[in-house]
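**Student:** Below is one structure. I have some questions about it.
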Amino acid sequence: MSQPYVTEEQAAMTAVRRASQLASSVFNKLVKAETLTKDDKSPVTIADFAAQAVISTILHNAFPTDLIVGEEDASELRSPNNAEEREMRERIISLANEALTSELMLGDNPTWGIGPGTAKSDSEILDAIDRGNYQGGSQGRMWTIDPIDGTKGFLRGDQYAVCVSLIVDAQVHVGVLGCPNLQKNPEHPEEGNGCMFVAIRGQGTRQMTLSGSNPTFVKIPPTNSPESLFLLESVDPSHSSHSFNSTVSNLLKITQPSVRMDSQAKYGSLARSGGIYMRMPTGAGYKEKIWDHAPGSIIIEEAGGVVSDSRGEPLNFGLGRTLGDNFGVIACGKDTHSGVLTAVQQALQEEKSKA
Ligand SMILES: Nc1ncnc2c1ncn2[C@@H]1O[C@H](COP(=O)(O)O)[C@@H](OP(=O)(O)O)[C@H]1O
Ligand SMILES: [Mg+2]
C-alpha cells in the first residue's frame, strides 16, 4: 500500500510550484503602484490574489469536498470602482490563467484543472479565491493557503513564502513551503535561490528545488554549544517583540546576532540550519492566523523539532481561522526547547513584575 497523503502532497507541491513561479514573475515585472491596502493594513499584491486563485483551483479539483481556509477574499475584486481597479482585476485573472495553463510537469495531474487549454472564466477565478472563506474548526479536512506570506518581504525583494497545509481533525498532516528567494544551499550561495520544503506527518521533511528536483531529507542540526545558538525573528517588530526576544537571548547567553527574515521561510531555514524561532506577541491583541504557522509547524516537527507556545502547549489548529489567544510561538530543535521555554517563562515573569 502506498504511504498516506502522497497525492495530497503532490497536489500541494504542484499548487505551490505554480504559485511561486507566478509570484516571481510578478515581482520581476512589479509595479508597486498596484498594491492595495487591506483592512489590516498589510499590503496585498496582485500576485497574492492570483496565487490564491491558482492554489485553490488545483486543491479543489484534486479534492472537491475538502474545505479551504485562505488568507484572501475576492470581495474587493468583485465590484471594481474605477478603471484602475478593473485593470487590476483583469491582470489577476490573466496571471492566474497563465499559471494554470502552463505546460504540465512531472507530478502534475491534468485532472487538477491545469495544463494548456484549461483557462478559467472570470467568475471561476473569483470563486476559486472565495473558496478560501471556510471559518475552520476542529473536525474534518481543511487546507490552509497563504498565497504570499511575508508580503512586505516580497515587495522588498527579500524573503517570502507560498504556504499550503492540510489539516485533518485539527492536526497538520501535510505542509509545503515554496521559498523563491531562499538560498538552495546556504553553504554554497553560488547555487542560487529557490527551494521548497515538504513534509508529511510521520514521513520526514524534505527540501528540494522549486521544480521538485534534488529532494533531500533535512534534520535540525543538534546544538553543540551555546555559542552556536541564534534567534530567528520577524523583520517587522510589530509582528513579534524584538525587545522581549533580546531579553530571552540574554538569559540564554546567546552571543550571535538574531537573524531577521520575513515569512515562514524562517521555519524552512530552521529545519535545515537550526536556530530558535521566537514570535512573541507585541501586546496589540493580534491573533495569529493558522495559515501563518500550520505549514511551518509540520516542517519543523518532521525535521525533529518542537513547536509550542510560551506555555509549552502545542499550537491549536482547531479553533477557527486563528490560533486563539496569543501566547506566542517557539520553534526549535528538541534539545533546546526546554531551555528556551524556561528562559521565555522567566522573561515573562520579569516583564510582569516590572509592570
Ligand atoms: N500584529 C501582528 N502580529 C503578528 N503577526 C502579524 C501581525 N500583523 C500581521 N501579522 C502576520 O505576520 C505575517 C508575516 O510574518 P513575518 O513577520 O514572520 O514575516 C503576515 O503574513 P502576510 O505577509 O501573509 O500578511 C501577517 O499574517
Ligand atoms: Mg502570512
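Residues are named by chain letter and number: chains run A, B, ... in the order of the C-alpha cells, numbers start at 1 in each chain, and ligands are numbered from 1 in the order shown.
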Collect all residues with atoms no farther than 6 Å from ligand 1, counting only C-alpha atoms and all ligand atoms, and output them as a list in words.

**Tutor:**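 The residues near ligand 1 are Ser42, Asp146, Ile148, Asp149, Gly150, Thr151, Ser234, Val235, Asp236, Ser238, His239, Ser240, Asp262, Ser263, Tyr286 and Glu288 of chain A.
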
**Student:** If you count only C-alpha atoms, which residues fall within 9 Å of segment 133-142 of chain A, apart from same-chain ones fewer than 4 positions away, as an mmCIF file with N, CA and C atoms, in the first residue's frame?

**Tutor:**
data_model
loop_
_atom_site.group_PDB
_atom_site.id
_atom_site.type_symbol
_atom_site.label_atom_id
_atom_site.label_comp_id
_atom_site.auth_asym_id
_atom_site.auth_seq_id
_atom_site.Cartn_x
_atom_site.Cartn_y
_atom_site.Cartn_z
ATOM 1 N N THR A 65 -14.254 17.820 -2.082
ATOM 2 C CA THR A 65 -15.054 18.000 -0.866
ATOM 3 C C THR A 65 -14.267 18.638 0.287
ATOM 4 N N ASP A 66 -12.962 18.856 0.083
ATOM 5 C CA ASP A 66 -12.167 19.465 1.157
ATOM 6 C C ASP A 66 -12.500 20.947 1.293
ATOM 7 N N LEU A 67 -12.404 21.442 2.514
ATOM 8 C CA LEU A 67 -12.640 22.862 2.768
ATOM 9 C C LEU A 67 -11.316 23.620 2.728
ATOM 10 N N ILE A 68 -11.413 24.929 2.503
ATOM 11 C CA ILE A 68 -10.186 25.722 2.343
ATOM 12 C C ILE A 68 -10.257 26.989 3.206
ATOM 13 N N VAL A 69 -9.198 27.213 3.960
ATOM 14 C CA VAL A 69 -9.048 28.455 4.718
ATOM 15 C C VAL A 69 -7.935 29.246 4.030
ATOM 16 N N GLY A 70 -8.321 30.296 3.310
ATOM 17 C CA GLY A 70 -7.321 31.077 2.574
ATOM 18 C C GLY A 70 -7.246 32.479 3.135
ATOM 19 N N GLU A 71 -6.069 33.108 2.980
ATOM 20 C CA GLU A 71 -5.921 34.433 3.568
ATOM 21 C C GLU A 71 -6.772 35.492 2.859
ATOM 22 N N GLU A 72 -6.913 35.358 1.544
ATOM 23 C CA GLU A 72 -7.569 36.437 0.786
ATOM 24 C C GLU A 72 -9.035 36.144 0.500
ATOM 25 N N ASP A 73 -9.840 37.232 0.310
ATOM 26 C CA ASP A 73 -11.166 37.030 -0.267
ATOM 27 C C ASP A 73 -11.369 38.040 -1.380
ATOM 28 N N ILE A 129 -10.900 32.088 -5.531
ATOM 29 C CA ILE A 129 -10.328 32.888 -4.425
ATOM 30 C C ILE A 129 -11.254 32.796 -3.215
ATOM 31 N N SER A 165 -1.061 23.980 3.652
ATOM 32 C CA SER A 165 -1.044 22.810 4.543
ATOM 33 C C SER A 165 -2.384 22.106 4.477
ATOM 34 N N LEU A 166 -2.361 20.842 4.849
ATOM 35 C CA LEU A 166 -3.609 20.089 5.005
ATOM 36 C C LEU A 166 -3.751 19.739 6.486
ATOM 37 N N ILE A 167 -4.880 20.159 7.059
ATOM 38 C CA ILE A 167 -5.163 19.872 8.468
ATOM 39 C C ILE A 167 -6.328 18.883 8.505
ATOM 40 N N VAL A 168 -6.148 17.802 9.237
ATOM 41 C CA VAL A 168 -7.225 16.814 9.374
ATOM 42 C C VAL A 168 -7.525 16.668 10.865
ATOM 43 N N ASP A 169 -8.759 16.918 11.244
ATOM 44 C CA ASP A 169 -9.158 16.864 12.656
ATOM 45 C C ASP A 169 -8.166 17.627 13.532
ATOM 46 N N ALA A 170 -7.875 18.824 13.129
ATOM 47 C CA ALA A 170 -7.028 19.784 13.877
ATOM 48 C C ALA A 170 -5.547 19.434 13.912
ATOM 49 N N GLN A 171 -5.153 18.358 13.215
ATOM 50 C CA GLN A 171 -3.725 18.047 13.169
ATOM 51 C C GLN A 171 -3.184 18.268 11.757
ATOM 52 N N ASN A 316 -2.828 25.157 18.592
ATOM 53 C CA ASN A 316 -4.124 24.506 18.352
ATOM 54 C C ASN A 316 -4.705 25.006 17.025
ATOM 55 N N PHE A 317 -4.689 24.113 16.027
ATOM 56 C CA PHE A 317 -5.172 24.495 14.693
ATOM 57 C C PHE A 317 -6.665 24.225 14.514
ATOM 58 N N GLY A 318 -7.348 23.879 15.609
ATOM 59 C CA GLY A 318 -8.770 23.534 15.504
ATOM 60 C C GLY A 318 -9.709 24.592 16.035
ATOM 61 N N LEU A 319 -9.199 25.824 16.235
ATOM 62 C CA LEU A 319 -10.041 26.850 16.867
ATOM 63 C C LEU A 319 -10.721 27.782 15.879
ATOM 64 N N GLY A 320 -10.465 27.594 14.585
ATOM 65 C CA GLY A 320 -11.029 28.516 13.594
ATOM 66 C C GLY A 320 -9.906 29.061 12.741
ATOM 67 N N ARG A 321 -10.068 30.283 12.235
ATOM 68 C CA ARG A 321 -9.034 30.843 11.356
ATOM 69 C C ARG A 321 -7.812 31.330 12.137
ATOM 70 N N THR A 322 -7.968 31.491 13.461
ATOM 71 C CA THR A 322 -6.827 31.952 14.262
ATOM 72 C C THR A 322 -6.401 30.867 15.250
#

**Student:** Which neighbours of Ala347 of chain A fall inside 12 Å, counting only C-alpha atoms, when residues of the same chain fewer than 6 positions from it are skipped, and could you give them as a VMD selection string?

**Tutor:** chain A and resid 243 to 252 280 310 340 to 341 353 to 354

**Student:** So, with only C-alpha atoms and all ligand atoms as the atoms that count, which of A:Val172, A:Cys179, A:Cys163, A:Ile298 lies closest to ligand 2?

**Tutor:** A:Cys163

**Student:** As a compact mmCIF listing (two decimals) with C-alpha atoms, in the first residue's frame, please: the residues near segment 100-105 of chain A (cut-off 10 Å, only C-alpha atoms, same-chain neighbours under 4 positions excluded).

**Tutor:**
# COMPACT_ATOMS: atom_id res chain seq x y z
CA THR A 14 2.08 21.42 -7.86
CA ALA A 15 -0.01 24.30 -6.47
CA ARG A 18 2.86 27.21 -9.99
CA ALA A 19 2.02 29.95 -7.48
CA LEU A 22 3.67 33.35 -10.71
CA ALA A 51 -1.64 32.90 -6.39
CA ALA A 53 -6.76 31.52 -7.23
CA VAL A 54 -4.18 29.09 -8.65
CA ILE A 55 -3.70 27.13 -5.41
CA THR A 57 -8.28 25.81 -8.15
CA ILE A 58 -5.77 22.95 -8.01
CA SER A 94 -4.91 36.63 -16.69
CA LEU A 95 -1.96 35.89 -14.36
CA ALA A 96 -3.89 33.09 -12.68
CA ASN A 109 -2.12 15.68 -12.89
CA PRO A 110 -4.28 17.05 -15.73
CA TRP A 112 -6.43 19.12 -11.36
CA GLY A 113 -7.61 21.72 -13.90
CA ILE A 114 -4.11 22.57 -15.14
CA GLY A 115 -2.25 22.45 -18.43
CA PRO A 116 -2.74 24.00 -21.87
CA GLY A 117 -6.38 24.72 -22.80
CA THR A 118 -7.72 24.82 -19.23
CA ALA A 119 -8.25 28.60 -18.89
CA LYS A 120 -10.98 29.53 -16.42
CA SER A 211 10.77 22.32 -9.67
CA GLY A 212 10.95 19.30 -7.34

**Student:** Between A:Ala74, A:Ala265, A:Ala303, A:Ile254, which is the closest to Ile200 of chain A once you count only C-alpha atoms?

**Tutor:**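 Using only C-alpha atoms, the shortest distance to Ile200 of chain A belongs to A:Ala303.
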
**Student:** Hey, can you check how far atom CA of Ser24 of chain A sits from atom CA of Gly194 of chain A?

**Tutor:**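 Atom CA of Ser24 of chain A sits 9.9 Å away from atom CA of Gly194 of chain A.
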
**Student:** Show me, as a PyMOL selection string, the residues that have an atom within 8 Å of Val307 of chain A when counting only C-alpha atoms, minus same-chain residues fewer than 5 positions from it.

**Tutor:** chain A and resi 297+300-301+314-315+329-332

**Student:** Using DSSP assignments from the backbone, pull out every residue in segment 76-274 of chain A that falls under strand (DSSP E or B) and give it to me as a PyMOL selection string.

**Tutor:** chain A and resi 133+141-149+161-168+171-183+193-200+205-209+216-218+231-233+259-260

**Student:** Taking C-alpha atoms for each residue, export the selection above as a PDB file, in the first residue's frame.

**Tutor:**
ATOM      1  CA  ASN A 133     -13.565  31.529   3.133  1.00  0.00           C
ATOM      2  CA  ARG A 141     -10.238  18.025   6.272  1.00  0.00           C
ATOM      3  CA  MET A 142      -9.236  21.584   5.511  1.00  0.00           C
ATOM      4  CA  TRP A 143      -6.433  23.184   3.584  1.00  0.00           C
ATOM      5  CA  THR A 144      -4.745  26.415   4.581  1.00  0.00           C
ATOM      6  CA  ILE A 145      -3.421  28.766   1.920  1.00  0.00           C
ATOM      7  CA  ASP A 146      -1.172  31.755   2.446  1.00  0.00           C
ATOM      8  CA  PRO A 147      -0.545  32.665  -1.185  1.00  0.00           C
ATOM      9  CA  ILE A 148       2.240  35.105  -0.369  1.00  0.00           C
ATOM     10  CA  ASP A 149       3.348  35.009   3.229  1.00  0.00           C
ATOM     11  CA  ALA A 161       6.887  32.030   1.063  1.00  0.00           C
ATOM     12  CA  VAL A 162       3.983  30.365  -0.707  1.00  0.00           C
ATOM     13  CA  CYS A 163       2.424  28.221   2.004  1.00  0.00           C
ATOM     14  CA  VAL A 164      -0.063  25.351   1.916  1.00  0.00           C
ATOM     15  CA  SER A 165      -1.044  22.810   4.543  1.00  0.00           C
ATOM     16  CA  LEU A 166      -3.609  20.089   5.005  1.00  0.00           C
ATOM     17  CA  ILE A 167      -5.163  19.872   8.468  1.00  0.00           C
ATOM     18  CA  VAL A 168      -7.225  16.814   9.374  1.00  0.00           C
ATOM     19  CA  GLN A 171      -3.725  18.047  13.169  1.00  0.00           C
ATOM     20  CA  VAL A 172      -1.457  19.182  10.347  1.00  0.00           C
ATOM     21  CA  HIS A 173      -0.711  16.229   8.063  1.00  0.00           C
ATOM     22  CA  VAL A 174       0.917  17.857   5.052  1.00  0.00           C
ATOM     23  CA  GLY A 175       2.887  21.089   4.751  1.00  0.00           C
ATOM     24  CA  VAL A 176       4.551  22.701   1.735  1.00  0.00           C
ATOM     25  CA  LEU A 177       6.560  25.947   1.732  1.00  0.00           C
ATOM     26  CA  GLY A 178       7.777  27.462  -1.535  1.00  0.00           C
ATOM     27  CA  CYS A 179      10.619  29.923  -0.869  1.00  0.00           C
ATOM     28  CA  PRO A 180      11.667  31.517  -4.181  1.00  0.00           C
ATOM     29  CA  ASN A 181      14.293  33.823  -2.612  1.00  0.00           C
ATOM     30  CA  LEU A 182      15.820  31.411  -0.105  1.00  0.00           C
ATOM     31  CA  GLN A 183      19.280  30.029  -0.933  1.00  0.00           C
ATOM     32  CA  ASN A 193      17.898  30.775  -4.771  1.00  0.00           C
ATOM     33  CA  GLY A 194      14.601  28.943  -4.810  1.00  0.00           C
ATOM     34  CA  CYS A 195      13.657  25.992  -2.686  1.00  0.00           C
ATOM     35  CA  MET A 196      10.667  24.099  -1.433  1.00  0.00           C
ATOM     36  CA  PHE A 197      10.186  22.355   1.933  1.00  0.00           C
ATOM     37  CA  VAL A 198       7.747  19.466   2.046  1.00  0.00           C
ATOM     38  CA  ALA A 199       6.547  17.327   4.958  1.00  0.00           C
ATOM     39  CA  ILE A 200       4.020  14.565   5.533  1.00  0.00           C
ATOM     40  CA  THR A 205      10.804  16.829   5.953  1.00  0.00           C
ATOM     41  CA  ARG A 206      12.439  17.163   2.572  1.00  0.00           C
ATOM     42  CA  GLN A 207      13.985  20.107   0.825  1.00  0.00           C
ATOM     43  CA  MET A 208      14.099  20.298  -2.946  1.00  0.00           C
ATOM     44  CA  THR A 209      14.291  22.837  -5.729  1.00  0.00           C
ATOM     45  CA  THR A 216      16.911  15.569   0.384  1.00  0.00           C
ATOM     46  CA  PHE A 217      15.733  14.886   3.915  1.00  0.00           C
ATOM     47  CA  VAL A 218      16.574  17.652   6.353  1.00  0.00           C
ATOM     48  CA  LEU A 231      17.421  33.518  17.243  1.00  0.00           C
ATOM     49  CA  LEU A 232      15.298  33.752  14.116  1.00  0.00           C
ATOM     50  CA  GLU A 233      12.702  36.511  14.202  1.00  0.00           C
ATOM     51  CA  VAL A 259      18.647  36.517  12.083  1.00  0.00           C
ATOM     52  CA  ARG A 260      15.706  38.577  10.841  1.00  0.00           C
TER      53      ARG A 260
END

**Student:** How many Å separate atom CA of Ser79 of chain A from atom CA of Asp122 of chain A?

**Tutor:** 12.6 Å

**Student:** Could you work out how far atom CA of Ala128 of chain A lies from atom CA of Pro64 of chain A, giving the answer in Å with one decimal?

**Tutor:** 11.8 Å

**Student:** What residues in segment 111-226 of chain A get the DSSP label alpha helix (DSSP H)? Please answer as a ChimeraX atom specification.

**Tutor:** /A:122-130,151-156

**Student:** Export, as a short mmCIF file (atom, residue, chain, number, x, y, z; two decimals), in the first residue's frame, the selected residues with N, CA and C atoms.

**Tutor:**
data_model
loop_
_atom_site.label_atom_id
_atom_site.label_comp_id
_atom_site.auth_asym_id
_atom_site.auth_seq_id
_atom_site.Cartn_x
_atom_site.Cartn_y
_atom_site.Cartn_z
N ASP A 122 -13.75 34.41 -15.75
CA ASP A 122 -13.53 35.39 -14.66
C ASP A 122 -14.19 34.92 -13.38
N SER A 123 -15.44 34.46 -13.51
CA SER A 123 -16.15 34.11 -12.27
C SER A 123 -15.56 32.84 -11.64
N GLU A 124 -15.03 31.94 -12.47
CA GLU A 124 -14.39 30.75 -11.88
C GLU A 124 -13.15 31.15 -11.06
N ILE A 125 -12.43 32.13 -11.55
CA ILE A 125 -11.23 32.58 -10.81
C ILE A 125 -11.64 33.27 -9.51
N LEU A 126 -12.65 34.15 -9.59
CA LEU A 126 -13.09 34.84 -8.35
C LEU A 126 -13.67 33.84 -7.35
N ASP A 127 -14.42 32.87 -7.86
CA ASP A 127 -14.97 31.84 -6.97
C ASP A 127 -13.85 31.03 -6.31
N ALA A 128 -12.80 30.78 -7.08
CA ALA A 128 -11.68 30.00 -6.52
C ALA A 128 -11.05 30.78 -5.36
N ILE A 129 -10.90 32.09 -5.53
CA ILE A 129 -10.33 32.89 -4.42
C ILE A 129 -11.25 32.80 -3.22
N ASP A 130 -12.55 32.96 -3.46
CA ASP A 130 -13.51 32.98 -2.35
C ASP A 130 -13.72 31.62 -1.69
N THR A 151 4.34 39.43 2.81
CA THR A 151 4.11 40.34 1.68
C THR A 151 5.13 41.48 1.67
N LYS A 152 5.51 41.92 2.88
CA LYS A 152 6.47 43.05 2.94
C LYS A 152 7.83 42.62 2.41
N GLY A 153 8.23 41.39 2.74
CA GLY A 153 9.50 40.87 2.22
C GLY A 153 9.44 40.71 0.71
N PHE A 154 8.30 40.25 0.23
CA PHE A 154 8.09 40.08 -1.22
C PHE A 154 8.32 41.41 -1.94
N LEU A 155 7.69 42.46 -1.40
CA LEU A 155 7.78 43.77 -2.06
C LEU A 155 9.20 44.34 -2.01
N ARG A 156 9.96 43.95 -0.99
CA ARG A 156 11.35 44.41 -0.86
C ARG A 156 12.31 43.55 -1.66
#
